[in-house]
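See below for final_27.txt, which holds compact mmCIF, C-alpha atoms.
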# COMPACT_ATOMS: atom_id res chain seq x y z
CA MET A 1 131.42 70.84 180.67
CA GLY A 2 130.51 71.76 184.22
CA ALA A 3 131.79 74.24 186.72
CA PRO A 4 135.15 73.49 188.38
CA PRO A 5 134.94 71.88 191.83
CA GLY A 6 134.06 74.48 194.45
CA ALA A 7 132.92 77.06 191.89
CA GLN A 8 129.56 78.69 192.30
CA ARG A 9 127.02 77.57 189.69
CA LEU A 10 125.11 80.31 187.91
CA HIS A 11 121.61 80.12 186.44
CA ILE A 12 120.08 82.42 183.83
CA LEU A 13 116.40 83.31 184.06
CA PRO A 14 114.23 85.88 182.30
CA MET A 15 113.53 89.08 184.25
CA ARG A 16 110.84 91.70 184.20
CA TRP A 17 111.81 95.10 182.84
CA ARG A 18 111.27 97.07 186.05
CA ALA A 19 113.25 94.61 188.18
CA ALA A 20 116.17 94.70 185.75
CA CYS A 21 116.11 98.52 185.70
CA ALA A 22 116.06 98.66 189.49
CA TYR A 23 119.11 96.39 189.65
CA VAL A 24 120.98 98.52 187.07
CA THR A 25 120.14 101.72 188.96
CA GLN A 26 121.41 100.17 192.19
CA THR A 27 124.64 98.57 190.92
CA HIS A 28 125.84 99.91 187.56
CA ARG A 29 129.04 101.91 187.79
CA HIS A 30 128.34 104.70 185.32
CA HIS A 31 124.98 104.43 183.53
CA ASP A 32 121.31 104.57 184.37
CA ALA A 33 118.87 101.99 183.06
CA PRO A 34 118.17 102.22 179.31
CA GLN A 35 114.89 103.50 177.91
CA GLY A 36 113.51 100.24 176.61
CA HIS A 37 114.18 96.56 176.03
CA GLN A 38 113.24 93.52 174.03
CA PHE A 39 114.11 91.18 176.88
CA SER A 40 116.05 91.15 180.14
CA LEU A 41 117.94 88.32 181.80
CA GLY A 42 119.07 87.75 185.36
CA VAL A 43 121.89 85.56 186.61
CA TYR A 44 121.28 83.81 189.93
CA THR A 45 123.34 81.68 192.29
CA ASP A 46 122.23 78.22 193.47
CA ASP A 47 120.58 79.78 196.50
CA GLY A 48 118.46 82.09 194.31
CA HIS A 49 120.45 85.28 194.93
CA LEU A 50 120.37 87.72 191.98
CA VAL A 51 123.97 88.65 191.11
CA GLY A 52 123.55 90.39 187.74
CA VAL A 53 121.29 91.47 184.90
CA ALA A 54 121.51 92.04 181.16
CA ILE A 55 119.10 94.34 179.33
CA VAL A 56 118.84 93.71 175.60
CA GLY A 57 117.00 95.95 173.18
CA ARG A 58 116.91 97.54 169.77
CA PRO A 59 120.19 99.08 168.68
CA VAL A 60 120.65 102.66 169.84
CA SER A 61 122.23 103.56 166.48
CA ARG A 62 119.60 103.78 163.79
CA HIS A 63 122.17 102.47 161.31
CA PHE A 64 122.07 99.06 163.01
CA ASP A 65 118.31 99.01 163.66
CA ASN A 66 117.41 96.70 160.79
CA GLY A 67 115.12 94.28 162.64
CA LEU A 68 117.76 91.52 162.69
CA THR A 69 120.26 93.14 165.06
CA ILE A 70 119.93 93.38 168.82
CA GLU A 71 122.05 95.38 171.27
CA VAL A 72 123.04 94.44 174.80
CA THR A 73 122.50 97.90 176.25
CA ARG A 74 123.35 97.17 179.90
CA VAL A 75 125.08 94.50 181.91
CA ALA A 76 125.42 95.02 185.65
CA THR A 77 126.68 92.55 188.25
CA ASP A 78 127.77 92.54 191.87
CA GLY A 79 131.20 91.21 190.84
CA THR A 80 130.40 87.50 191.08
CA PRO A 81 132.99 85.64 188.97
CA ASN A 82 131.75 84.69 185.49
CA ALA A 83 128.40 86.47 185.88
CA CYS A 84 129.08 88.94 183.04
CA SER A 85 130.23 86.21 180.68
CA ALA A 86 127.20 84.09 181.51
CA LEU A 87 124.89 87.04 180.76
CA TYR A 88 126.54 87.93 177.44
CA ALA A 89 126.47 84.29 176.30
CA ALA A 90 122.83 83.89 177.34
CA ALA A 91 121.84 87.17 175.67
CA TRP A 92 123.19 85.92 172.33
CA ARG A 93 121.59 82.46 172.70
CA THR A 94 118.23 84.08 173.51
CA ALA A 95 118.48 86.57 170.64
CA ARG A 96 119.56 83.92 168.15
CA SER A 97 116.66 81.66 169.13
CA ALA A 98 114.29 84.61 168.55
CA GLY A 99 115.60 85.01 164.98
CA TYR A 100 118.16 87.80 165.38
CA ARG A 101 121.26 87.43 163.23
CA ARG A 102 123.61 89.84 164.95
CA ALA A 103 124.16 91.14 168.46
CA ILE A 104 126.23 94.20 169.31
CA THR A 105 127.39 95.92 172.46
CA TYR A 106 129.87 98.59 173.45
CA THR A 107 132.43 98.89 176.23
CA GLN A 108 133.95 102.02 177.66
CA ASP A 109 137.58 102.90 177.12
CA GLY A 110 139.61 101.14 179.79
CA GLU A 111 137.35 98.08 180.04
CA SER A 112 139.17 94.95 178.91
CA GLY A 113 136.29 93.09 177.26
CA ALA A 114 137.39 89.85 178.93
CA SER A 115 133.79 88.86 179.70
CA LEU A 116 132.81 89.36 176.09
CA ARG A 117 135.73 87.31 174.78
CA ALA A 118 134.97 84.57 177.30
CA ALA A 119 131.39 84.46 176.02
CA GLY A 120 132.59 84.08 172.42
CA TRP A 121 132.10 87.68 171.27
CA ARG A 122 134.75 89.37 169.15
CA LYS A 123 135.82 92.96 168.84
CA VAL A 124 135.05 94.45 165.45
CA ALA A 125 136.05 98.10 165.94
CA ASP A 126 137.70 100.59 168.26
CA LEU A 127 135.63 103.76 168.31
CA PRO A 128 136.55 107.17 169.72
CA ALA A 129 134.84 108.13 172.96
CA ARG A 130 131.67 110.14 172.56
CA PRO A 131 131.29 113.34 174.54
CA GLY A 132 127.75 112.27 175.50
CA TRP A 133 124.19 112.88 174.39
CA ASN A 134 124.06 116.39 175.82
CA ALA A 135 127.30 117.62 174.26
CA PRO A 136 126.95 120.74 172.11
CA GLN A 137 126.58 119.96 168.45
CA PRO A 138 129.09 121.35 166.01
CA PRO A 139 127.79 124.34 164.08
CA PRO A 140 126.06 123.48 160.83
CA PRO A 141 128.13 123.94 157.70
CA PRO A 142 127.70 127.34 156.10
CA THR A 143 125.03 127.63 153.46
CA ARG A 144 126.47 128.27 150.06
CA TYR A 145 124.85 130.73 147.72
CA ARG A 146 125.43 131.46 144.13
CA LYS A 147 124.40 134.60 142.33
CA ARG A 148 122.88 134.06 138.94
CA SER A 149 123.14 136.53 136.20
CA PRO A 150 119.78 138.08 135.28
CA SER A 151 120.11 136.80 131.72
CA SER A 152 120.19 133.14 132.90
CA MET A 153 117.03 133.50 134.96
CA GLY A 154 114.64 134.37 132.18
CA ASP A 155 111.83 136.93 132.30
CA HIS A 156 109.49 134.90 134.55
CA HIS A 157 111.54 135.38 137.79
CA PRO A 158 112.96 138.88 137.68
CA GLN A 159 113.07 139.32 141.50
CA ARG A 160 115.09 136.15 142.29
CA THR A 161 118.80 136.91 142.70
CA ALA A 162 120.22 134.03 144.80
CA THR A 163 119.39 130.38 145.32
CA ALA A 164 120.73 127.82 147.74
CA GLN A 165 123.01 125.29 146.14
CA PRO A 166 123.02 121.72 147.42
CA GLN A 167 126.19 120.78 149.18
Show how you would write the structure in this file as structure tokens.
Amino acid sequence: MGAPPGAQRLHILPMRWRAACAYVTQTHRHHDAPQGHQFSLGVYTDDGHLVGVAIVGRPVSRHFDNGLTIEVTRVATDGTPNACSALYAAAWRTARSAGYRRAITYTQDGESGASLRAAGWRKVADLPARPGWNAPQPPPPPTRYRKRSPSSMGDHHPQRTATAQPQ
């Protein structure tokens, strides 16, 4: 199955980390480059022009970081048709060939996910928006104390009057 007549052919090639980060910094709408990666891919036109990158790394959430899951942490393109879909599809093929069993990614509220669906990905959850990494944390829950009667403490700890109770 080839490209339709007159459509621009796209080619996926591996990229170096710094080059992928530079492209993300230059073109991504709302995020800086991520902190690390396992691999990065670039999508090029027939004439060798770089039109997008995908940076793939360990999952940001420690709950998914099991050694068999990879996360597409950034995709940035110049708007070339089908570049995002090509990158998402290639990221999964590359990860699968390296032994990963699952790939995850996130979209912001308001993004349609059309590129992901076109690449064969499926939505598994709608999550509420996060306020960001630097948002104030909620206060910790109050510590609960219980007063013990002196008779239940025995003679070996006469000064102890309160102990923290697990929540």
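Atom CA of A:Gly99 to atom CA of A:Val51 spans 27.7 Å [interatomic distance, one decimal].
The spacing separating atom CA of A:His37 from atom CA of A:Glu71 amounts to 9.3 Å.
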Practice task
Tell me, as number ranges by chain, which residues lie within 10 Å of A:Val75, counting all atoms listed in the file; anything in the same chain fewer than 4 positions away does not count.
Solution key: A: 20, 23-24, 27-28, 33, 40-42, 52-56, 83-85, 87-88, 105
Practice task
Have a look at A:Ala119, A:Ile104, A:Ala114, A:Ala91 and name the one nearest to A:Leu68; count only C-alpha atoms.
Solution key: A:Ile104
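Interatomic distance, atom CA of A:His11 against atom CA of A:Ala89: 12.0 Å.
The closest residue to A:Gln26, picked from A:Asp47, A:Asp78, A:Asp65, A:Glu111 and counting only C-alpha atoms, is A:Asp78.
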